[in-house]
Every structure is written in C-alpha cells, then in structure tokens.
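One structure is given below, encoded as structure tokens.
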Number of protein chains: 2
Amino acid sequence: MRWSHTLIPTLKEVPADAEVPSHRLMLRAGLVRQVMAGAYTYLPLGWRAVQKAAAIVREEMEAAGAAELHFPAMSPIELWERSGRREAFGNVLLNFAFPRGDRKVHVALGPTHEEPITDLIKQSVSSYKQLPLTLFQIQTKFRNEERPRFGVLRTSEFLMKDAYSFGTDVEQLNASYDAMYAAYCRIFERCGIPYLAVEAESGPIGGDASHEFMIPAENGEDAVVHCEASGYAANLERAETGRKPPKIEVPANAPVAVTVDTPGVTTIEAVCELLGVAPEQTLKTLLYTADAGTDGEKTVAVLVRGDHEANEGKIRRAVGAKTLALADEATVQRVTGAPVGFAGPVGLTGVTLLADHDAVTVQPAVVGANAADKHTKGVCCGRDWTVETTHDLRDARAGDPDPKSGGPMTLVRGIEVGHVFKLGTKYSDALGAEFLGEDQKRRSIVMGCYGIGINRIVAGAIETSHDDRGIIWPKGIAPYQCHVIPLDVQDAEVMSLAEQFHDELQAAGVDCLLDDRKERPGVKFADADLIGLPTRITIGKRGLKDGVVEVKRRTDAEAETLAPDAAVARVRALLQD
Amino acid sequence: MRWSHTLIPTLKEVPADAEVPSHRLMLRAGLVRQVMAGAYTYLPLGWRAVQKAAAIVREEMEAAGAAELHFPAMSPIELWERSGRREAFGNVLLNFAFPRGDRKVHVALGPTHEEPITDLIKQSVSSYKQLPLTLFQIQTKFRNEERPRFGVLRTSEFLMKDAYSFGTDVEQLNASYDAMYAAYCRIFERCGIPYLAVEAESGPIGGDASHEFMIPAENGEDAVVHCEASGYAANLERAETGRKPPKIEVPANAPVAVTVDTPGVTTIEAVCELLGVAPEQTLKTLLYTADAGTDGEKTVAVLVRGDHEANEGKIRRAVGAKTLALADEATVQRVTGAPVGFAGPVGLTGVTLLADHDAVTVQPAVVGANAADKHTKGVCCGRDWTVETTHDLRDARAGDPDPKSGGPMTLVRGIEVGHVFKLGTKYSDALGAEFLGEDQKRRSIVMGCYGIGINRIVAGAIETSHDDRGIIWPKGIAPYQCHVIPLDVQDAEVMSLAEQFHDELQAAGVDCLLDDRKERPGVKFADADLIGLPTRITIGKRGLKDGVVEVKRRTDAEAETLAPDAAVARVRALLQD
C-alpha cells in the first residue's frame, strides 16, 4: 500500500485529553479518531491491526473446533426480561423503541449474546447427539459506558469475539472450557502480548468458575495478585490469601476489656483517630443476611481486621449460601441492639459468627460494643469471644502468601482482554433450552461462555510495547510488516527500487507500506518510528551511489547497510526471528 | 469441518411465511434464523457465504486502490441534523437517547456513513496533495424497515460495503467512480451472480449521476427497462424512452372541441369511465412549482398521455430547475380557475407549458377544461393549444424504443445489490469539508459514494441459482467447495478415507464439509442437494468393495465412479472449470 492511497493522519502534538500511552499513541499514529465520547473510528492503520488480531482469533477458534455464526446486534427486549438481565444490566443495556406501522418495536443492542444464542439453540438442538457444540462470533457489541475512558479500552461500542459452548453435562463443559482456555493462550502468544490467566469470580454474568486473561500494564483498571514462582494469579475478589488457621492465644499481659464512649463514631478511621490506635489493631464486625427469603435465611456476623476488606464471595462459600447481602438496618438493630457501626463479637448471640484467619491474631483488639455510641478496647479472642475455626474471608493483597508456594504475592495491575466462564444452566434454565438424553430424559443444556475484546488486544499491545518515539508493534498484529522509505521520491532510480522492494515483499506475503510522500527524511523517519512497523528499508540517492540501502528493525538502534539485492531476503529473515 | 462440530439445522418443511425462493431455501438449508421481524442470525453455513462474498469485495476494493477503515455504528444526532438527513430519513433513521451521568446522549445508528466520513475528512485532509482518496468499510448498517420482507433481502440490520471517494474536482471524481464501477463488475463476476449495471436517479441521497447494479430476478422489488441488443439498462425513474419529437398534425376529420359536465370526476379512470374513452385517448395536465422560494420560482404545466406516468426528474431537468414539486391547491386554483383535477392545456396562461413527446400525438384528446367539474373532448394540439417542441417527460416502460439502438426495451425485475453515486459537494458543503488547492484557494471536496449489500449478494445468488431440491451455490461464494459424504460412518475404512479426502482437500485450499452424521444415505443426499455445495464425494462400503468412490457436481444428474486415489484430483479439476 502506498501512503498516498491511504489515510494516516499522524500528529506531532500529544493530545491533551489522552491519559494513557496507548490512547496517546493511537491518536498520534493516526490509528483512531474519536466520533463522540466512547466511540472511535478505526482509520486504515488501526483497522488493519484489529483485523490481524481478529484473524488470529478466528483461526484459533476454528482450530479448537468452534464454528462461526453471526447474530444481529438488535434483539427483542423480552428476551432480556426473561433472563432477568434487563434489570441486572440496568443503564448499561442500550435499548430503545421505534415505530413500525402502528406498533412500537422495543429492542436491546446486545452487550453480549447469551440470551439470543440460548434461544437459537433451544430451537435448533433437541438431542444429546447434537452435543457438544461450540459456536462463536466476532461482532460489534454495545454498552452504555457511564465513564468511557482510556481511548479504545473502554467504549460504548467494541469488537468482541464471543463464544458459547453447549454440552450435556459438566464433563462436556469442562472439555469445552479447557479447549477455549488453551486457544486463548495460543491467541495471546500469536498476538505477541504478555498475559496472565487469572482466577476470577464469575460476577453478575452468573455461574461458578472463570478465568480472566489480563495484560499486565501499569495503567490497567484491574488489580490482581500474582506469584511468579508458582504462576498463581487471581483477581482481588477471587484470590486466596494463603493464610492458615492460626493458634488462638490470649497474650499473657493482656489488659482487661474496657467499654468506652465513641459518640457518632461509626467507621474504622474515626475509631482509630478517637482512640489513637492503628486500623490493624481493630476488628470490623459485619452483619450479612444469607439466603434471604428462603427457609434457610440466617444472619451471619463476620470478623475481619480493620484494615482488611471482607470478601462476599468467600463469605458466601464459607456459609454455604446461595445468596448473601449486607443485613439491613433493622436486622442490625435487632441483633446487636445498636445502630449500624457499633457491632462487635462480644456477647453476640443469634447469629452465625465467622472470623477471618487474621482477625483472631489481633490481640487485644478494639471492637464495637453492641451498644449505641460505644466501643470496647482490650478485647481478646479466646477470652472475651470465641470461634471454633477461622476462614479466608477477605480480599487478598500484596504480601499475602501464595496459596500454592507460600511465597509472598505481588500486586499487578492489568487490562482484561479475555474471560472464560462456566455458566452451567443459568441461561438454559431461564430460557428453556433442553435436550433429550440417551436415557430419554429431558435436561437443561450445560453452557460456557468465552469472550475476547479485540480492540483491547490492539490497545494492550501498544500499552505494553512502545518507547518515547512511538509504537513498537508485535509482528503478529502489526498493520504492515515492513515500511519502505524512499528518501527522494522524485528520483526515478530510488522510486523504482522502492516499488520493487514493495512488490517483492508483498508477493512473498509480507504486508508493506510504501511512504511515497514528498516529505523531508526527518519527517518520514519520525512517522516511521511513530507508527512502529517491525522492519524498515530506507532507499536514498546517496546510498545508491555507494551501492547500498539500509535495513533496520524498529527495535534496532542502528540500521545495517547492505546491497539492494540482499534487502528483501534480510527483511524476511528479520521477520522470521 | 465436520457436520457434528457445526450447526446446520436443515428443515424438511417449507416455512409457511417465506414468500421467495431465497428466503425459503435459506431457512430450509439452515443458513439463517429469524430473531425478530427484519433481523436474522446467520448460522455457520450462511455466515461462511457472507464472509466469502465480503472477502471478494475487500480484495477488489483494495485492488482498486481503496483503503479500509471502520466507523462506529453510533454517531451524534447533530451530524445528521447538520446535513438535513435526520428529516430526510424520517423514521428510517434509528435514533435514540440514553443517559450518561446527568446528561442524555442522543445518537443515530448509521444507515450509511456520509456524515461521519465527511466529518473525518474535514479533520484529516487539508491539501490537494492528500487527494484523491477512496476509503471503504464493511460494516453493519441499521434502518427501520417499515415492512421487512423477503427474508434477508430487506432487513433492519444488514452488512454493507460502503465506500467514499474524495477528490479535488470532477475529473478526480470521475476517475474514482470509474474505478469503483469496474471493481463492482469484477466483484459480481467473481461472486458468480448475473447482474445489470443500470442507469439510475440518485434519489434522496443527492448528487447528479449514478448506476445501480441489479440481479435480474422474477421476485425483485425493482423494475428496470433493458435492451439486450445495445446493453442499455435503466431504472424506470431514469430510463429515457427513446422517443423523438413527433410532427404535430391536426387530423383532417378532427371534431370540434366540446366541453362537457364531469361533476366530481377528477381522475383519469373516472373520466374514461364517464366518457367512454380509453386512458390513451386522454391527457393529464399536471402543475408543478419549480425552484420554490427562490427568485426564479415559477409554475410549470406538464402534459402526458393519460396512461403514462410523469417523471419529476426529467421535468426538473427540462425546466432547468434545482427543485420541483407538485403545485399546491391554491396555485392550481389560481392558475386554472378550478380545483385540482380539471386542469387542461386550452387557454392556460401564466405558466411554462411542457408536453411529453407522446402527448401531442393524442389527437383528438380529452382534457380538463380549467373549470370546476368540466372536461373538454375533441381537443387537438396545433389547433386548440400549441407547444414549440416536446420532451421526454415520463417514466419509460416495456416496448419503448431503446435510446441507443431504437429497438424495443423489455421490462426486467431485479434485486439491487450495489449502487455507485456521484455526490458532488452536497455533504462537503453541508459539513464544511474543504481543501486548499494548488492555487491556494479553498474549495469543497468533490465526493462519490459506493455501496454493496453483502447479504443481498448471498440471497441474490440463491434467488437466481437453485432447483426444486435446493441451492446451487456459485463456486465463488459457496460456504464449502466440496461435500464429503461417508455413507457408513461406523465402518473404519469408509471413515478413514473420508477423513483423508477432507484433509487433502483442505490442505489444497479446498474448503470441505464432512458429513459425519449417523444418518441414512437418503437423508444425507437430500441435505447435500439442499445445502448445494458445488462438488460431492460419496464413499460407501459397497463401492469400496469394488474399489470405487463417487464424485459429482451439484449440477450433474449422475455421479461418476472412480478409484479413491483419483477422487481429490477430480474434485479439484471440476472446481477449476
């Protein structure tokens, strides 16, 4: 492709409102332009990178035995009401009504496609003989992002690969899940981006097992803990702390517990300030209602160290409950005899009491006194209150021991580029997608779902691979593999050699960009560094007099000079590396 | 691909609500399923055909020097207000507001992208040095179709290739237009669909020259006139009739004109019934206002034969006006002295009088009397009213002489699959997209736009290529090139040979579908005919005993038997044809 036949509007200035390197560089290198907040046009160079990433995704999905289809973006709002996700998504679900004849048609623009595909499978699959099956699409998704940011990393419209597996049982689900997990690893490797496969909660999408694929990046929105030694990685919601139940010991010199007035002081920060203690010398007592509205409804009191964050998923699993939510004010008042903010473990009855491993090591501790405007100091577990055992009930954080190796974990920030979920029968139950088993019994189809953000692969690659001059494309998704730069475009010999290189490389399957602009060498070199293609050939009048052209990689400090007829082979060799 | 790894839910029954063959076959062969009125999911087989068509379009666009980009579907409604198309599109433009923080964001879902791309070019192009430039995308478009019908031929969401050219002047526009026109011819040839390039009005999209590409098809929504001898083809709005100005002669035995009472009779049909004459013995006198609201505003009276349809585009050009619309009732009353329905040429003053070539040959004629509830019989041109010359002012129809060869034209129905337009400066004027010329003057960029309906290529191919057993895919867009059918899937020798054929063909670049279902031969053959892949290899236990397998094309009545090791080469040879 000739530069003059495409649109690469590079910018010298750094755009003022772009916060992260990928956003700045995508604007400066002419990969994208904003149409409105949260909506970007991919210009030819950016779109080529997206298409290269999409092609890798498509190839690996097919190699993993998945078949591609394509849903419309629009689907009837009723589908989303039946699954309960119209309410769950809230404002995020873009939906609207439009007139058709004298009726109104109300549609949602799909933020993901569980509902339409479950409905399709319900119509098309009836027997266990048709299962297992994995289907995918590469399609534009829509979400109302309240705060679009970070350029193309968080937008209201984005290209997503979404795949869905359908099986007869958990074994088929696990096999499909493992195949997708392995395909994801190959995809990110071929795209040339670093990644972590991170254990994750399944979140509002439902189900019971999932992994996120993250690109480690300073400006990433997500935080995970990671142990390089064992390879364990998990997001903060999911990560185990690696703590074991400690021995509960009352210190020999422990003071007697004393209740003090703390009027209006309902937060750990305020308690610490008033009593002159550190947060890690206090305990939070949180009250939850488990399995609300069922026969098994109960109130649970959870103790975590004052500087720790209680983790609802872990608490729910420790209780063995299906649902868990913070108790309402009336319940807190009834159970503790005090308003919210003064709960404590001493003398607390009528509740299931759970303590985090670290909670029982705060000896003595400051706790709520189960009385309005009062806290108790000098409280010891094993003396003033007791538990039989302790649990992992809090978010992990840097320094916690890795549950596998026991070594300390580090905190890593990252960009989520993919997610694999075991959905189970959440959607097939809700929408009635059943199959007839070999035993002639009808059962719900067991589903998984698997997403990749294609735009995020591109932005993530730039976020992790650039220098102060511009992008450094990984070969797998570079818009072109080689940049051919004739310095003197009005010199017939220079141009003819440039065209020859371009054509020979193209014929060898190496995508080439030929900078045929009548610009100064400095401008061309600066743009070449900015758009960052993996290799470059420079042809100048002066060099040709000496019988040489220059070849360099984007990452090389110096170009090598070589005879023109060796240039194409050299570029091909550099790209093979 | 194995049948069991993909989703091809063929149907035995003909769907009741599908009107046209392509719709019936796309449902029966498991290519599509309806999600809601006007929205279809492409299942794997259908989506492969769409992708093959899209790949051909992409290759030919790039070969024609166009660069691909990608706009978001959403754009700010303000853009469409500035161009005036929010009003022009009316309900067809899907648009809605959604909350973001405490604001509302109002967007349109692009039915086409002139506005966003003109805005992009305004930001990115400033000099004649950056022109000409042609950009394209292959993208989902949205239109509120009031009456979605004919399956995927008319839907609210569809895949479109839209290209836009930008030039400094009409010469650059013409060169871009011609390159796109030639690319379109190659695209439709490679897709294997018959097509006509049809002269067309540019319609509400604006501009001054355009061609439609049509697939001739009985059930097509559009009608065109066509002369096979000369190749001339044009849609009814645009087609010239090939008539010349006739000599105006008053017949020797012409009766005297007589005005008669026709109370409440305001249509040609009613006049004919009351007076016992045929429509071709009457004249319609239509009043138009040209260039309303300008200094040059004037009233135009147009005479066409009673059974002909006046053509506003032709009238506008004959008058030399920029705009033309039927005159309002007040104007008709003022000019004719009568309400609408009684206008006639006799004694009509204060207007520009234009007559169609055929109008002056109705001698004598029944015309309106310019008086309420009265018509005049026996009116002759050249005696009772006169014109200096005549014009082509009506829609063409079957039997009209071809303007090129003079031979009679036939009426052809068709499906529009593509459209090329010379837009001129309509959008660049409205949105301020200018460039600085070599002469340092600022001028509006001269634009063209070029669309192809990718889904329509697929549906059109099926509409024109099928038999009573199913689809007959053209090779260019067939979902797979070869269908490998093992008859006895539990026989190891049969299956191993089938897999070997599949793998060898795939390795040779021939996409293959392997029907590994445990089904009766009759079911497999019926499905093979229904999904209609170009070639088929059948492997059975019985044949292998005799050392043969069967190869046939979808279009062959009989299969040929040949040795297994000759089968792959034979299929490849058949596909080369």
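Labels for the structure tokens follow display order: chains A, B, ..., residues from 1 in each chain, ligands from 1.
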
Residues of chain A no more than 8 Å from chain B, counting only C-alpha atoms: send them over as a PyMOL selection string.
chain A and resi 4-7+9+33+35-36+39-44+46-48+65-76+91+94+96+98-101+116+120+124+130+132-135+144-147+157

Residues near segment 477-492 of chain A, cut-off 8 Å, only C-alpha atoms, skip fewer than 3 positions along chain, as a short mmCIF file (atom, residue, chain, number, x, y, z; two decimals) with N, CA and C atoms, in the first residue's frame:
data_model
loop_
_atom_site.label_atom_id
_atom_site.label_comp_id
_atom_site.auth_asym_id
_atom_site.auth_seq_id
_atom_site.Cartn_x
_atom_site.Cartn_y
_atom_site.Cartn_z
N LEU A 45 -4.82 2.23 9.33
CA LEU A 45 -3.72 1.55 10.03
C LEU A 45 -4.24 0.82 11.28
N GLY A 46 -5.10 1.48 12.04
CA GLY A 46 -5.67 0.87 13.23
C GLY A 46 -6.56 -0.32 12.88
N TRP A 47 -7.33 -0.16 11.81
CA TRP A 47 -8.25 -1.22 11.42
C TRP A 47 -7.50 -2.46 10.94
N ARG A 48 -6.37 -2.25 10.28
CA ARG A 48 -5.56 -3.41 9.86
C ARG A 48 -5.08 -4.20 11.08
N ALA A 49 -4.67 -3.50 12.13
CA ALA A 49 -4.22 -4.21 13.34
C ALA A 49 -5.38 -4.98 13.96
N VAL A 50 -6.57 -4.34 14.01
CA VAL A 50 -7.75 -5.03 14.55
C VAL A 50 -8.06 -6.28 13.72
N LYS A 52 -5.99 -8.04 11.89
CA LYS A 52 -4.97 -9.08 12.09
C LYS A 52 -5.26 -9.83 13.39
N ALA A 53 -5.60 -9.08 14.44
CA ALA A 53 -5.94 -9.74 15.71
C ALA A 53 -7.17 -10.62 15.52
N CYS A 191 -0.51 -13.10 19.10
CA CYS A 191 -0.66 -11.64 19.00
C CYS A 191 0.54 -10.92 19.59
N GLY A 192 1.38 -11.65 20.30
CA GLY A 192 2.61 -11.04 20.82
C GLY A 192 2.37 -10.18 22.04
N VAL A 458 -5.34 -4.85 20.66
CA VAL A 458 -4.55 -3.83 19.94
C VAL A 458 -4.06 -2.76 20.91
N TRP A 473 5.24 -2.36 17.26
CA TRP A 473 4.24 -3.41 17.03
C TRP A 473 4.83 -4.81 17.20
N PRO A 474 4.10 -5.69 17.90
CA PRO A 474 4.44 -7.12 17.80
C PRO A 474 4.14 -7.55 16.35
N MET A 495 12.80 5.55 -6.59
CA MET A 495 11.40 5.14 -6.53
C MET A 495 11.20 3.76 -7.14
N SER A 496 11.92 3.50 -8.22
CA SER A 496 11.70 2.22 -8.87
C SER A 496 12.19 1.08 -7.98
N ALA A 498 12.27 1.24 -4.67
CA ALA A 498 11.29 1.17 -3.57
C ALA A 498 10.08 0.36 -4.00
N PHE A 501 11.00 -3.36 -4.13
CA PHE A 501 11.00 -3.96 -2.78
C PHE A 501 9.57 -4.23 -2.32
N HIS A 502 8.75 -3.20 -2.46
CA HIS A 502 7.35 -3.31 -2.04
C HIS A 502 6.68 -4.50 -2.72
N VAL A 510 4.56 -10.57 2.68
CA VAL A 510 4.93 -9.58 3.70
C VAL A 510 4.21 -8.27 3.39
N ASP A 511 3.23 -7.91 4.23
CA ASP A 511 2.48 -6.67 4.01
C ASP A 511 3.40 -5.47 4.13
N CYS A 512 3.31 -4.60 3.17
CA CYS A 512 4.27 -3.50 3.03
C CYS A 512 3.58 -2.15 2.92
N LEU A 513 4.17 -1.15 3.58
CA LEU A 513 3.71 0.23 3.41
C LEU A 513 4.83 1.02 2.72
N LEU A 514 4.48 1.67 1.62
CA LEU A 514 5.48 2.44 0.86
C LEU A 514 5.21 3.92 1.08
N ASP A 515 6.13 4.60 1.75
CA ASP A 515 5.93 6.03 2.05
C ASP A 515 6.34 6.86 0.83
N ASP A 516 5.37 7.10 -0.07
CA ASP A 516 5.66 7.81 -1.32
C ASP A 516 5.44 9.31 -1.20
N ARG A 517 5.37 9.80 0.04
CA ARG A 517 5.15 11.24 0.22
C ARG A 517 6.42 12.04 -0.11
N LYS A 518 6.19 13.22 -0.62
CA LYS A 518 7.28 14.14 -0.90
C LYS A 518 7.55 14.92 0.39
N ARG A 520 10.44 15.58 3.88
CA ARG A 520 11.83 15.52 4.31
C ARG A 520 12.10 14.19 5.01
N PRO A 521 13.37 13.68 4.92
CA PRO A 521 13.71 12.43 5.61
C PRO A 521 13.35 12.47 7.09
N LYS A 524 9.76 11.66 7.58
CA LYS A 524 9.46 10.25 7.29
C LYS A 524 9.97 9.33 8.40
N ALA A 528 7.82 7.01 10.80
CA ALA A 528 8.09 5.56 10.79
C ALA A 528 8.24 5.05 12.23
N LEU A 533 6.21 0.08 12.56
CA LEU A 533 6.18 -1.22 11.89
C LEU A 533 7.47 -1.99 12.22
N PRO A 534 7.41 -3.34 12.22
CA PRO A 534 8.55 -4.12 12.73
C PRO A 534 9.86 -3.92 11.96
N THR A 535 9.81 -3.74 10.63
CA THR A 535 11.06 -3.57 9.87
C THR A 535 10.95 -2.38 8.92
N ARG A 536 12.10 -1.91 8.48
CA ARG A 536 12.14 -0.73 7.62
C ARG A 536 13.26 -0.88 6.59
N ILE A 537 12.98 -0.52 5.35
CA ILE A 537 14.05 -0.39 4.35
C ILE A 537 14.10 1.07 3.93
N THR A 538 15.28 1.67 3.98
CA THR A 538 15.42 3.05 3.54
C THR A 538 16.27 3.09 2.28
N ILE A 539 15.78 3.80 1.25
CA ILE A 539 16.49 3.90 -0.02
C ILE A 539 16.73 5.37 -0.31
N GLY A 540 18.01 5.75 -0.45
CA GLY A 540 18.33 7.14 -0.74
C GLY A 540 19.27 7.24 -1.94
N LYS A 541 19.26 8.40 -2.60
CA LYS A 541 20.14 8.65 -3.74
C LYS A 541 21.59 8.46 -3.35
N VAL A 571 15.04 -8.59 5.22
CA VAL A 571 13.80 -8.25 5.91
C VAL A 571 13.02 -9.51 6.25
N LEU A 575 12.03 -10.91 10.01
CA LEU A 575 10.64 -11.17 10.41
C LEU A 575 10.42 -12.61 10.86
#

Please return as number ranges by chain: the residues of segment 62-195 of chain B that backbone DSSP assigns to strand (DSSP E or B).
B: 67-68, 70, 74-76, 95-100, 103-109, 127, 133-142, 149, 154, 157-167

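DSSP annotation of segment 511-555 of chain B from backbone atoms: helix (DSSP H, G or I) residues are Pro521, Gly522, Val523, Lys524, Phe525, Ala526, Asp527, Ala528, Asp529, Leu530, Ile531, Lys541, Arg542, Gly543, Leu544 and Lys545 of chain B.
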
Could the residues in this selection be saved with N, CA and C atoms as a short mmCIF file (atom, residue, chain, number, x, y, z; two decimals), in the first residue's frame?
data_model
loop_
_atom_site.label_atom_id
_atom_site.label_comp_id
_atom_site.auth_asym_id
_atom_site.auth_seq_id
_atom_site.Cartn_x
_atom_site.Cartn_y
_atom_site.Cartn_z
N PRO B 521 -28.46 -42.84 4.05
CA PRO B 521 -27.98 -42.19 2.83
C PRO B 521 -29.00 -41.22 2.25
N GLY B 522 -30.27 -41.58 2.28
CA GLY B 522 -31.31 -40.71 1.71
C GLY B 522 -31.33 -39.35 2.39
N VAL B 523 -31.19 -39.33 3.71
CA VAL B 523 -31.18 -38.07 4.46
C VAL B 523 -29.95 -37.25 4.08
N LYS B 524 -28.79 -37.93 3.98
CA LYS B 524 -27.55 -37.20 3.66
C LYS B 524 -27.58 -36.63 2.24
N PHE B 525 -28.10 -37.41 1.29
CA PHE B 525 -28.15 -36.91 -0.09
C PHE B 525 -29.13 -35.74 -0.21
N ALA B 526 -30.28 -35.87 0.47
CA ALA B 526 -31.27 -34.79 0.41
C ALA B 526 -30.68 -33.51 1.01
N ASP B 527 -30.00 -33.64 2.15
CA ASP B 527 -29.37 -32.46 2.76
C ASP B 527 -28.26 -31.91 1.87
N ALA B 528 -27.52 -32.80 1.19
CA ALA B 528 -26.45 -32.35 0.31
C ALA B 528 -27.02 -31.53 -0.85
N ASP B 529 -28.12 -32.01 -1.43
CA ASP B 529 -28.74 -31.24 -2.50
C ASP B 529 -29.29 -29.92 -1.96
N LEU B 530 -29.85 -29.97 -0.76
CA LEU B 530 -30.46 -28.77 -0.17
C LEU B 530 -29.40 -27.69 0.09
N ILE B 531 -28.29 -28.06 0.69
CA ILE B 531 -27.28 -27.03 1.01
C ILE B 531 -26.39 -26.75 -0.20
N LYS B 541 -19.36 -48.47 1.79
CA LYS B 541 -18.75 -49.79 1.97
C LYS B 541 -18.85 -50.59 0.68
N ARG B 542 -20.05 -50.55 0.06
CA ARG B 542 -20.27 -51.35 -1.13
C ARG B 542 -19.34 -50.93 -2.27
N GLY B 543 -19.24 -49.62 -2.47
CA GLY B 543 -18.37 -49.12 -3.53
C GLY B 543 -16.91 -49.51 -3.29
N LEU B 544 -16.49 -49.40 -2.04
CA LEU B 544 -15.08 -49.70 -1.73
C LEU B 544 -14.74 -51.16 -2.04
N LYS B 545 -15.74 -52.04 -1.89
CA LYS B 545 -15.51 -53.44 -2.27
C LYS B 545 -15.12 -53.54 -3.73
#

Please report, as CSV, each residue of segment 82-145 of chain B lying at most 8 Å from segment 423-437 of chain B, together with the nearest pair of atoms and the separation in Å rounded to one decimal; use only C-alpha atoms, and order rows by chain and ascending residue number.
residue,atom,partner,partner_atom,distance
B:Arg82,CA,B:Ala430,CA,6.8
B:Ser83,CA,B:Ala430,CA,5.5
B:Glu114,CA,B:Tyr427,CA,7.1
B:Glu115,CA,B:Tyr427,CA,7.0
B:Thr118,CA,B:Ser428,CA,6.4
B:Asp119,CA,B:Leu431,CA,6.6
B:Ile121,CA,B:Ala433,CA,6.7
B:Lys122,CA,B:Ala433,CA,4.3
B:Val125,CA,B:Phe435,CA,6.9
B:Ser126,CA,B:Phe435,CA,4.7
B:Ser127,CA,B:Leu436,CA,4.8
B:Tyr128,CA,B:Gly437,CA,5.3
